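S.K.: Handing over structure08.csv, CSV, C-alpha atoms and all ligand atoms.
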chain,number,residue,atom,x,y,z
A,23,MET,CA,14.7,106.9,23.4
A,24,SER,CA,17.5,109.1,22.1
A,25,ALA,CA,20.1,107.8,19.7
A,26,ILE,CA,23.7,107.5,21.1
A,27,ILE,CA,25.0,106.4,17.7
A,28,THR,CA,23.7,107.6,14.3
A,29,VAL,CA,25.1,106.0,11.2
A,30,ARG,CA,24.0,107.6,7.9
A,31,ASP,CA,24.5,106.1,4.4
A,32,LEU,CA,27.8,104.6,5.4
A,33,ALA,CA,29.8,103.0,2.6
A,34,LYS,CA,33.2,101.4,2.5
A,35,THR,CA,35.2,100.3,-0.5
A,36,TYR,CA,38.6,98.9,0.5
A,37,ASP,CA,41.7,99.7,-1.6
A,38,SER,CA,41.3,96.3,-3.2
A,39,GLY,CA,38.1,97.7,-4.8
A,40,PHE,CA,35.9,95.4,-2.6
A,41,GLN,CA,32.7,97.1,-1.4
A,42,ALA,CA,32.3,95.9,2.2
A,43,LEU,CA,29.5,98.4,3.1
A,44,LYS,CA,26.8,99.6,0.7
A,45,GLY,CA,25.0,102.5,2.3
A,46,VAL,CA,24.2,101.4,5.8
A,47,SER,CA,21.9,103.6,8.0
A,48,LEU,CA,21.3,102.8,11.6
A,49,GLU,CA,20.5,104.4,15.0
A,50,ILE,CA,21.6,102.8,18.2
A,51,ARG,CA,19.5,103.8,21.2
A,52,ARG,CA,21.0,104.9,24.5
A,53,GLY,CA,21.0,102.0,26.9
A,54,GLU,CA,20.1,99.1,24.6
A,55,ILE,CA,21.8,95.8,23.7
A,56,PHE,CA,22.0,95.7,20.0
A,57,ALA,CA,23.0,92.5,18.2
A,58,LEU,CA,24.4,92.7,14.7
A,59,LEU,CA,23.9,89.3,13.2
A,60,GLY,CA,25.4,88.1,9.9
A,61,PRO,CA,27.6,85.5,8.3
A,62,ASN,CA,31.3,85.7,7.7
A,63,GLY,CA,32.3,88.6,5.5
A,64,ALA,CA,29.0,90.4,5.9
A,65,GLY,CA,30.6,93.7,7.0
A,66,LYS,CA,30.2,93.6,10.8
A,67,THR,CA,33.8,94.3,11.7
A,68,THR,CA,34.1,96.9,9.0
A,69,LEU,CA,31.1,98.8,10.4
A,70,ILE,CA,32.4,98.6,13.9
A,71,SER,CA,35.9,99.6,12.8
A,72,ILE,CA,34.5,102.7,11.1
A,73,VAL,CA,32.5,103.8,14.2
A,74,CYS,CA,35.6,103.3,16.3
A,75,GLY,CA,37.7,105.3,13.9
A,76,LEU,CA,40.0,102.4,12.9
A,77,VAL,CA,38.9,102.4,9.3
A,78,ASN,CA,38.0,105.4,7.2
A,79,PRO,CA,34.6,105.5,5.6
A,80,SER,CA,34.3,106.0,1.8
A,81,ALA,CA,31.0,107.8,2.2
A,82,GLY,CA,28.4,108.6,4.8
A,83,GLN,CA,28.6,109.9,8.4
A,84,VAL,CA,28.7,108.6,11.9
A,85,LEU,CA,27.8,110.5,15.1
A,86,VAL,CA,28.6,109.2,18.5
A,87,GLY,CA,26.8,111.2,21.2
A,88,GLU,CA,26.5,114.0,18.6
A,89,HIS,CA,30.2,114.0,17.9
A,90,ASP,CA,31.2,113.3,14.3
A,91,ILE,CA,33.7,110.5,14.3
A,92,VAL,CA,35.9,112.1,11.6
A,93,ARG,CA,35.8,115.8,12.7
A,94,HIS,CA,35.7,115.2,16.5
A,95,TYR,CA,37.5,111.9,16.6
A,96,ARG,CA,38.9,112.2,20.1
A,97,LYS,CA,35.6,113.2,21.7
A,98,ALA,CA,33.7,110.5,19.9
A,99,ARG,CA,36.3,107.8,20.6
A,100,SER,CA,36.4,108.6,24.3
A,101,LEU,CA,32.8,107.6,24.6
A,102,ILE,CA,33.5,104.1,23.1
A,103,GLY,CA,35.0,101.0,24.4
A,104,LEU,CA,36.0,98.3,21.8
A,105,VAL,CA,36.6,94.7,22.4
A,106,PRO,CA,38.1,93.7,19.0
A,107,GLN,CA,37.6,90.4,17.3
A,108,GLU,CA,41.3,89.7,17.1
A,109,LEU,CA,43.5,89.4,20.2
A,110,THR,CA,45.7,92.5,20.3
A,111,ASN,CA,47.5,92.5,23.6
A,112,ASN,CA,51.2,93.1,24.2
A,113,MET,CA,52.2,89.7,25.3
A,114,PHE,CA,55.0,90.8,27.6
A,115,ASP,CA,53.0,93.3,29.7
A,116,THR,CA,51.2,92.2,32.9
A,117,VAL,CA,47.5,92.3,33.1
A,118,LEU,CA,47.5,95.2,35.5
A,119,ALA,CA,50.0,97.2,33.4
A,120,THR,CA,48.0,96.6,30.2
A,121,VAL,CA,44.7,97.8,31.8
A,122,ARG,CA,46.3,100.8,33.5
A,123,LEU,CA,47.9,101.9,30.2
A,124,SER,CA,44.5,101.7,28.4
A,125,ARG,CA,43.0,104.1,30.9
A,126,GLY,CA,46.0,106.4,30.6
A,127,LEU,CA,45.7,106.5,26.8
A,128,PHE,CA,42.3,108.1,27.1
A,129,GLY,CA,43.8,110.8,29.4
A,130,LYS,CA,41.9,109.6,32.4
A,131,ALA,CA,43.3,110.0,35.9
A,132,PRO,CA,44.5,106.8,37.6
A,133,ASP,CA,41.8,104.9,39.4
A,134,GLU,CA,43.1,101.8,41.1
A,135,ALA,CA,39.8,101.0,42.8
A,136,LEU,CA,38.0,101.0,39.5
A,137,ILE,CA,40.7,98.7,37.9
A,138,GLU,CA,40.4,96.3,40.8
A,139,ARG,CA,36.6,96.2,40.5
A,140,ILE,CA,36.8,95.5,36.7
A,141,LEU,CA,39.5,92.8,37.1
A,142,ARG,CA,37.6,91.1,39.9
A,143,GLU,CA,34.4,91.2,37.9
A,144,LEU,CA,36.2,89.5,35.0
A,145,SER,CA,37.8,86.9,37.4
A,146,LEU,CA,41.2,88.3,36.4
A,147,TRP,CA,42.3,89.8,39.8
A,148,ASP,CA,44.3,86.7,40.8
A,149,LYS,CA,46.1,87.0,37.4
A,150,ARG,CA,46.8,90.7,37.7
A,151,ASN,CA,50.6,90.2,37.9
A,152,GLU,CA,50.8,87.6,35.2
A,153,ARG,CA,52.2,88.4,31.8
A,154,ILE,CA,49.6,88.3,29.0
A,155,MET,CA,51.4,85.4,27.3
A,156,ALA,CA,50.9,83.3,30.4
A,157,LEU,CA,47.1,83.5,30.1
A,158,SER,CA,44.7,81.1,28.3
A,159,GLY,CA,42.8,82.3,25.3
A,160,GLY,CA,39.7,83.0,27.2
A,161,MET,CA,41.6,85.0,29.8
A,162,LYS,CA,43.3,87.0,27.1
A,163,ARG,CA,39.8,87.9,25.7
A,164,ARG,CA,38.7,89.0,29.2
A,165,VAL,CA,41.8,91.3,29.4
A,166,LEU,CA,40.5,92.9,26.1
A,167,ILE,CA,37.2,93.5,27.8
A,168,ALA,CA,38.9,95.0,30.9
A,169,LYS,CA,40.9,97.3,28.6
A,170,ALA,CA,37.8,98.3,26.8
A,171,LEU,CA,36.0,99.2,30.0
A,172,VAL,CA,38.7,100.9,32.0
A,173,HIS,CA,38.1,104.4,30.6
A,174,GLU,CA,34.4,104.1,31.5
A,175,PRO,CA,32.9,104.3,28.0
A,176,GLN,CA,29.2,105.0,27.4
A,177,VAL,CA,29.1,102.5,24.5
A,178,LEU,CA,30.7,99.1,24.4
A,179,PHE,CA,31.4,97.3,21.1
A,180,LEU,CA,31.9,93.6,21.5
A,181,ASP,CA,33.0,92.1,18.2
A,182,GLU,CA,32.4,88.3,18.4
A,183,PRO,CA,32.9,88.3,22.2
A,184,THR,CA,32.1,84.6,22.6
A,185,ALA,CA,33.8,83.1,19.6
A,186,GLY,CA,36.1,80.3,20.8
A,187,VAL,CA,35.0,80.8,24.4
A,188,ASP,CA,33.8,78.0,26.6
A,189,VAL,CA,30.2,77.7,27.8
A,190,GLU,CA,30.9,78.9,31.3
A,191,LEU,CA,32.7,82.0,30.2
A,192,ARG,CA,30.1,82.7,27.7
A,193,ARG,CA,27.4,82.7,30.4
A,194,ASP,CA,29.6,84.9,32.6
A,195,MET,CA,30.0,87.3,29.7
A,196,TRP,CA,26.3,87.5,29.1
A,197,ALA,CA,25.8,88.2,32.7
A,198,MET,CA,28.4,90.9,32.6
A,199,VAL,CA,26.9,92.5,29.5
A,200,ARG,CA,23.6,92.7,31.3
A,201,ARG,CA,25.1,94.3,34.4
A,202,LEU,CA,26.8,96.9,32.2
A,203,ARG,CA,23.5,97.6,30.5
A,204,ASP,CA,21.9,98.0,33.9
A,205,ASN,CA,24.5,100.5,34.7
A,206,GLY,CA,23.6,102.5,31.6
A,207,VAL,CA,26.2,101.3,29.1
A,208,THR,CA,24.9,100.8,25.6
A,209,ILE,CA,26.1,97.5,24.1
A,210,ILE,CA,26.6,96.6,20.5
A,211,LEU,CA,27.7,93.0,19.9
A,212,THR,CA,28.3,91.1,16.7
A,213,THR,CA,27.7,87.4,16.6
A,214,HIS,CA,27.2,84.4,14.3
A,215,TYR,CA,25.3,82.7,17.1
A,216,ILE,CA,21.6,83.3,16.5
A,217,GLU,CA,21.0,81.9,20.0
A,218,GLU,CA,23.2,84.6,21.5
A,219,ALA,CA,21.3,87.4,19.7
A,220,GLU,CA,18.0,85.8,20.8
A,221,GLU,CA,19.2,85.5,24.4
A,222,MET,CA,20.8,88.9,24.8
A,223,ALA,CA,19.5,91.5,22.5
A,224,ASP,CA,16.8,94.1,22.8
A,225,ARG,CA,17.1,94.8,19.1
A,226,ILE,CA,18.6,92.9,16.2
A,227,GLY,CA,20.1,94.0,13.0
A,228,VAL,CA,20.8,91.5,10.2
A,229,ILE,CA,23.6,92.3,7.8
A,230,ASN,CA,24.7,90.5,4.7
A,231,HIS,CA,26.9,91.5,1.7
A,232,GLY,CA,27.4,95.0,3.3
A,233,GLU,CA,23.7,95.7,3.4
A,234,LEU,CA,21.5,95.9,6.5
A,235,LEU,CA,18.6,93.6,5.7
A,236,LEU,CA,16.5,94.4,8.7
A,237,VAL,CA,16.5,96.2,12.1
A,238,GLU,CA,13.8,95.2,14.6
A,239,ASP,CA,13.0,94.8,18.2
A,240,LYS,CA,13.6,91.2,19.0
A,241,ALA,CA,10.2,90.6,20.3
A,242,THR,CA,8.5,92.3,17.3
A,243,LEU,CA,10.7,90.4,15.0
A,244,MET,CA,9.7,87.1,16.5
A,245,ARG,CA,6.1,88.1,16.5
A,246,LYS,CA,6.0,89.6,13.0
A,247,LEU,CA,7.9,86.9,11.2
A,248,GLY,CA,7.4,84.0,13.4
A,249,THR,CA,5.1,81.1,12.7
A,250,ARG,CA,3.6,78.7,15.2
A,251,GLN,CA,3.4,75.0,15.0
A,252,LEU,CA,0.8,72.9,16.6
A,253,THR,CA,1.8,69.2,17.0
A,254,ILE,CA,-1.1,66.9,17.4
A,255,GLN,CA,-0.2,63.5,18.9
A,256,LEU,CA,-2.6,60.9,17.5
A,257,GLN,CA,-4.0,57.9,19.4
A,258,GLN,CA,-3.5,55.7,16.4
A,259,PRO,CA,-0.9,56.3,13.7
A,260,ILE,CA,-2.0,57.0,10.2
A,261,THR,CA,-0.1,56.4,6.9
A,262,GLU,CA,-1.4,59.5,5.0
A,263,ILE,CA,-3.2,62.7,5.7
A,264,PRO,CA,-6.9,62.2,5.0
A,265,ALA,CA,-8.1,64.0,1.8
A,266,ALA,CA,-10.6,66.0,3.8
A,267,LEU,CA,-7.8,67.7,5.7
A,268,ALA,CA,-5.8,68.6,2.6
A,269,CYS,CA,-6.8,72.2,2.8
A,270,HIS,CA,-4.8,72.6,6.0
A,271,ALA,CA,-1.0,73.1,6.1
A,272,LEU,CA,-0.4,69.7,7.6
A,273,THR,CA,2.5,67.4,7.6
A,274,LEU,CA,2.9,63.9,9.0
A,275,ALA,CA,5.6,63.3,11.7
A,276,ASP,CA,6.8,60.8,14.2
A,277,GLU,CA,6.1,57.9,11.8
A,278,GLY,CA,2.5,58.8,11.5
A,279,HIS,CA,1.9,59.3,15.2
A,280,ALA,CA,1.7,63.1,14.9
A,281,LEU,CA,0.3,65.7,12.7
A,282,VAL,CA,2.1,69.1,12.5
A,283,TYR,CA,0.0,72.1,11.7
A,284,THR,CA,1.9,75.3,10.7
A,285,PHE,CA,0.1,78.6,11.0
A,286,ASP,CA,0.6,82.3,11.2
A,287,ALA,CA,0.3,83.3,14.9
A,288,LYS,CA,-0.5,86.9,14.1
A,289,CYS,CA,-3.7,86.0,12.2
A,290,GLU,CA,-6.9,86.2,14.1
A,291,GLN,CA,-8.2,83.2,12.3
A,292,THR,CA,-5.5,80.6,12.9
A,293,GLY,CA,-7.7,77.7,11.7
A,294,VAL,CA,-6.9,75.7,14.8
A,295,ALA,CA,-10.5,75.4,15.9
A,296,ASP,CA,-11.6,74.4,12.4
A,297,LEU,CA,-8.9,71.8,12.2
A,298,LEU,CA,-9.7,70.2,15.5
A,299,ARG,CA,-13.4,70.0,14.6
A,300,GLN,CA,-12.5,68.3,11.3
A,301,LEU,CA,-10.2,65.8,13.0
A,302,GLU,CA,-13.2,64.8,15.1
A,303,ARG,CA,-15.4,64.4,12.0
A,304,GLU,CA,-12.7,62.2,10.4
A,305,GLY,CA,-12.6,60.1,13.5
A,306,LEU,CA,-9.0,60.9,14.3
A,307,GLU,CA,-8.6,60.9,18.1
A,308,PHE,CA,-5.6,62.7,19.6
A,309,LYS,CA,-4.0,62.4,23.0
A,310,ASP,CA,-1.9,65.5,23.2
A,311,LEU,CA,-1.5,69.0,21.7
A,312,HIS,CA,1.7,70.9,21.8
A,313,SER,CA,2.4,74.3,20.2
A,314,SER,CA,5.7,76.0,19.6
A,315,GLN,CA,6.9,79.4,18.4
A,316,SER,CA,9.4,79.5,15.6
A,317,SER,CA,12.8,80.7,16.6
A,318,LEU,CA,14.9,83.5,15.4
A,319,GLU,CA,16.9,80.9,13.6
A,320,ASP,CA,14.0,80.0,11.4
A,321,ILE,CA,13.4,83.7,10.8
A,322,PHE,CA,17.0,84.3,9.9
A,323,VAL,CA,17.3,81.5,7.5
A,324,GLY,CA,14.1,82.6,5.9
A,325,LEU,CA,15.4,86.1,5.5
A,326,LEU,CA,18.6,85.0,3.7
A,327,GLN,CA,16.8,82.6,1.4
A,328,GLY,CA,17.5,83.4,-2.2
A,329,GLN,CA,20.8,85.0,-1.2
A,330,GLU,CA,24.0,83.2,-0.9
A,331,GLN,CA,23.7,80.3,1.5
A,332,PRO,CA,24.3,81.6,5.0
A,333,ARG,CA,27.3,80.0,6.8
A,334,LEU,CA,26.0,80.2,10.3
A,335,ARG,CA,26.9,78.1,13.2
A,336,VAL,CA,23.6,77.4,14.7
A,337,GLY,CA,22.9,76.1,18.1
A,338,GLU,CA,26.4,76.4,19.5
A,339,GLY,CA,25.6,79.4,21.6
A,340,ALA,CA,24.3,77.4,24.7
A,401,LIG,N1,41.5,95.6,4.9
A,401,LIG,C1,40.7,95.0,4.0
A,401,LIG,N2,41.0,95.0,2.7
A,401,LIG,C2,40.2,94.5,1.8
A,401,LIG,N3,39.1,93.8,2.1
A,401,LIG,C3,38.7,93.7,3.4
A,401,LIG,C4,39.5,94.3,4.4
A,401,LIG,N4,38.9,94.1,5.6
A,401,LIG,C5,37.8,93.4,5.3
A,401,LIG,N5,37.7,93.2,4.0
A,401,LIG,C6,36.6,92.5,3.3
A,401,LIG,O1,35.3,93.1,3.6
A,401,LIG,C7,34.3,92.1,3.8
A,401,LIG,C8,33.7,92.3,5.1
A,401,LIG,O2,34.6,92.0,6.2
A,401,LIG,P1,34.3,92.1,7.7
A,401,LIG,O3,35.5,91.8,8.4
A,401,LIG,O4,33.7,93.4,7.9
A,401,LIG,O5,33.2,91.0,7.8
A,401,LIG,P2,32.6,90.4,9.2
A,401,LIG,O6,31.1,90.5,9.0
A,401,LIG,O7,33.2,91.0,10.4
A,401,LIG,O8,33.0,88.9,9.1
A,401,LIG,P3,33.3,87.8,10.2
A,401,LIG,O9,32.1,87.3,10.7
A,401,LIG,O10,34.1,86.8,9.5
A,401,LIG,O11,34.2,88.5,11.3
A,401,LIG,C9,35.0,90.8,3.6
A,401,LIG,O12,34.7,90.3,2.3
A,401,LIG,C10,36.5,91.1,3.8
A,401,LIG,O13,37.2,90.2,3.0
A,402,MG,MG,34.2,90.3,11.9
Before anything else, please render the file you have as structure tokens.

M.R.:
Amino acid sequence: MSAIITVRDLAKTYDSGFQALKGVSLEIRRGEIFALLGPNGAGKTTLISIVCGLVNPSAGQVLVGEHDIVRHYRKARSLIGLVPQELTNNMFDTVLATVRLSRGLFGKAPDEALIERILRELSLWDKRNERIMALSGGMKRRVLIAKALVHEPQVLFLDEPTAGVDVELRRDMWAMVRRLRDNGVTIILTTHYIEEAEEMADRIGVINHGELLLVEDKATLMRKLGTRQLTIQLQQPITEIPAALACHALTLADEGHALVYTFDAKCEQTGVADLLRQLEREGLEFKDLHSSQSSLEDIFVGLLQGQEQPRLRVGEGA
């Protein structure tokens, strides 16, 4: 698949001397949903702001659809829609005026039918004549999305699209993102919510301290780094793991009613068969077996281990 965005050795040192990006290279594939995952201050917004031409890079290069974002800014920018992290609407304008203006700013001919379709899709049509200040926070965020889409961009950046958004709207947004992707739009979203990346993304990049730690297909990532756990529910509880089983990676759970065996799912020899045979020899009867794949959350926490403690809000992305 061809790249729609190419980022090469991108670095950013702010005037304060703070190095927010330390040589990031990345290719975004046409038509994918890419999630950029990282804790506060990792450099996500800085990266997006450079690609969208809002912040100047200190070094490196960014191409959007083969246009250099510095030398061919207007061409590159016209391909991009940006939903910023901060709310940036003019509070006194109406919804309709705001969205119309955004299209005009990109030099596109008026298209009222398109605007109606976008506003309806975002459940904003009924609010089209309201002033922005009369909308709720979630609605204001949806106006930002309408503004970002109205010039029909090929790439949509969503910087923390679901921060502070209720569960229903979050689900609506996910559905909308998928529809856009089905219509050929490439989506790059940033998030703290591991669950959101896990749910939405085709590929995931993990960034911390201005460095891209990893970029991987979600499925490969889960397979490559994921471990499996086998939970063995015992007929009779035990107080300790028999010495004969000490060679297996076992822990006791559920007040001695369960043994948990952790293994590498990608190994051909998982040791499960051995373990079950040995349980039988030890006279340990079991009534149930249950296996589970480790989540992206486990993978992510593992990745950042040894670095500064990640400040991620886990499990709020339902
Ligand atoms: N204009 C600026 N001047 C100086 N430092 C800045 C500026 N903007 C951002 N930074 C610093 O750069 C680092 C990266 O910030 P950035 O906004 O890119 O992080 P982020 O990954 O988007 O974080 P969050 O999840 O909180 O949105 C932070 O340490 C931040 O304080
Ligand atoms: Mg940010």

S.K.: When you draw a straight line from atom CA of A:Asp310 to atom CA of A:Thr249, how long is it in Å?

M.R.: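 Computing the Euclidean distance for atom CA of A:Asp310 and atom CA of A:Thr249 yields 20.1 Å.
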
S.K.: Just the number, please: distance in Å from atom CA of A:Ala42 to atom CA of A:Glu233, one decimal.

M.R.: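 Pair atom CA of A:Ala42 / atom CA of A:Glu233 returns 8.7 Å.
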
S.K.: Taking into account only C-alpha atoms, which residue in the set A:Val46, A:Ala98, A:Ala33, A:Leu326 is nearest to A:Ala81?

M.R.: A:Ala33

S.K.: Find the residues near ligand MG 402 (chain A). Use a cut-off of 9 Å, count all atoms listed in the file, and write them as a PDB file with C-alpha atoms, keeping the file's coordinate frame.

M.R.:
ATOM      1  CA  PRO A  61      27.600  85.500   8.300  1.00  0.00           C
ATOM      2  CA  ASN A  62      31.300  85.700   7.700  1.00  0.00           C
ATOM      3  CA  GLY A  63      32.300  88.600   5.500  1.00  0.00           C
ATOM      4  CA  ALA A  64      29.000  90.400   5.900  1.00  0.00           C
ATOM      5  CA  GLY A  65      30.600  93.700   7.000  1.00  0.00           C
ATOM      6  CA  LYS A  66      30.200  93.600  10.800  1.00  0.00           C
ATOM      7  CA  THR A  67      33.800  94.300  11.700  1.00  0.00           C
ATOM      8  CA  THR A  68      34.100  96.900   9.000  1.00  0.00           C
ATOM      9  CA  ILE A  70      32.400  98.600  13.900  1.00  0.00           C
ATOM     10  CA  PRO A 106      38.100  93.700  19.000  1.00  0.00           C
ATOM     11  CA  GLN A 107      37.600  90.400  17.300  1.00  0.00           C
ATOM     12  CA  GLU A 108      41.300  89.700  17.100  1.00  0.00           C
ATOM     13  CA  ASP A 181      33.000  92.100  18.200  1.00  0.00           C
ATOM     14  CA  GLU A 182      32.400  88.300  18.400  1.00  0.00           C
ATOM     15  CA  THR A 212      28.300  91.100  16.700  1.00  0.00           C
ATOM     16  CA  THR A 213      27.700  87.400  16.600  1.00  0.00           C
TER      17      THR A 213
END

S.K.: Find the spatial neighbours of A:Ile154, counting all atoms listed in the file, within a cut-off of 6 Å - ignore same-chain residues fewer than 2 positions away - and output them as a list in words.

M.R.: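 The residues that qualify are Met113, Thr116, Ala156 and Leu157 of chain A.
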
S.K.: How would the residues just chosen look if you wrote them out with C-alpha atoms as a compact mmCIF listing (two decimals), in the coordinates of the input?

M.R.:
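Printed below is part.txt as written:
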# COMPACT_ATOMS: atom_id res chain seq x y z
CA MET A 113 52.20 89.70 25.30
CA THR A 116 51.20 92.20 32.90
CA ALA A 156 50.90 83.30 30.40
CA LEU A 157 47.10 83.50 30.10

S.K.: Take atom O11 of ligand LIG 401 (chain A) and atom CA of A:Gly60 and report the distance between them in Å, one decimal.

M.R.: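 So the two atoms, atom O11 of ligand LIG 401 (chain A) and atom CA of A:Gly60, lie 8.9 Å apart.
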
S.K.: Return the single residue from A:Asn230, A:Asn151, A:Ser145, A:Ser314 that is closest to ligand LIG 401 (chain A), with distances computed using all atoms listed in the file.

M.R.: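 Checking each of A:Asn230, A:Asn151, A:Ser145, A:Ser314 against ligand LIG 401 (chain A), counting all atoms listed in the file, the winner is A:Asn230.
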
S.K.: So which residues fall inside 7 Å of (21.8, 105.8, 15.6) if we count all atoms listed in the file? Mind giving them as a PyMOL selection string?

M.R.: chain A and resi 25-29+48-51

S.K.: Let's have the selection written as a CSV table (one decimal), keeping the file's coordinate frame, with C-alpha atoms.

M.R.:
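part_30.csv, freshly written:
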chain,number,residue,atom,x,y,z
A,25,ALA,CA,20.1,107.8,19.7
A,26,ILE,CA,23.7,107.5,21.1
A,27,ILE,CA,25.0,106.4,17.7
A,28,THR,CA,23.7,107.6,14.3
A,29,VAL,CA,25.1,106.0,11.2
A,48,LEU,CA,21.3,102.8,11.6
A,49,GLU,CA,20.5,104.4,15.0
A,50,ILE,CA,21.6,102.8,18.2
A,51,ARG,CA,19.5,103.8,21.2

S.K.: At a cut-off of 6 Å, using all atoms listed in the file, what residues contact stretch 274-280 of chain A? Leave out same-chain residues fewer than 3 positions from it and give the result as number ranges by chain.

M.R.: A: 254-256, 259-261

S.K.: Closest to ligand LIG 401 (chain A) among A:Lys162, A:Lys44, A:Lys240, A:His312, using all atoms listed in the file?

M.R.: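 Using all atoms listed in the file, the shortest distance to ligand LIG 401 (chain A) belongs to A:Lys44.
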
S.K.: Return the single residue from A:Gly45, A:Leu69, A:Glu319, A:Glu54 that is closest to ligand LIG 401 (chain A), with distances computed using all atoms listed in the file.

M.R.: A:Leu69

S.K.: Residues within 9 Å of A:Val84, please, as a PDB file with C-alpha atoms, in the coordinates of the input. Count all atoms listed in the file; anything in the same chain fewer than 5 positions from it doesn't count.

M.R.:
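Result file out12.pdb:
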ATOM      1  CA  ILE A  27      25.000 106.400  17.700  1.00  0.00           C
ATOM      2  CA  THR A  28      23.700 107.600  14.300  1.00  0.00           C
ATOM      3  CA  VAL A  29      25.100 106.000  11.200  1.00  0.00           C
ATOM      4  CA  ARG A  30      24.000 107.600   7.900  1.00  0.00           C
ATOM      5  CA  ASP A  31      24.500 106.100   4.400  1.00  0.00           C
ATOM      6  CA  LEU A  32      27.800 104.600   5.400  1.00  0.00           C
ATOM      7  CA  ILE A  72      34.500 102.700  11.100  1.00  0.00           C
ATOM      8  CA  VAL A  73      32.500 103.800  14.200  1.00  0.00           C
ATOM      9  CA  HIS A  89      30.200 114.000  17.900  1.00  0.00           C
ATOM     10  CA  ASP A  90      31.200 113.300  14.300  1.00  0.00           C
ATOM     11  CA  ILE A  91      33.700 110.500  14.300  1.00  0.00           C
ATOM     12  CA  VAL A  92      35.900 112.100  11.600  1.00  0.00           C
TER      13      VAL A  92
END

S.K.: Find the residues near stretch 292-297 of chain A: any atom within 9 Å, counting only C-alpha atoms, skip ones fewer than 6 places away on the same chain, and give them as a PyMOL selection string.

M.R.: chain A and resi 252+267+270+283+285-286

S.K.: Write out as a list in words the residues lying within 12 Å of A:Asp115, counting only C-alpha atoms and excluding same-chain residues fewer than 2 positions away.

M.R.: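 Residues near the query, excluding close chain neighbours: Thr110, Asn111, Asn112, Met113, Val117, Leu118, Ala119, Thr120, Val121, Arg122, Leu123, Arg150, Asn151, Glu152, Arg153, Ile154, Met155, Ala156, Leu157, Lys162 and Val165 of chain A.
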
S.K.: Measuring between all atoms listed in the file, which one of A:Val207, A:Leu43, A:Val199, A:Leu272 shows the shortest distance to ligand LIG 401 (chain A)?

M.R.: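 Residue with the minimum atom-to-atom distance to ligand LIG 401 (chain A): A:Leu43.
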
S.K.: Point out the residue among A:Thr208, A:Thr35, A:Thr184, A:Ser24 with the least atom-to-atom distance to ligand LIG 401 (chain A), counting all atoms listed in the file.

M.R.: A:Thr35
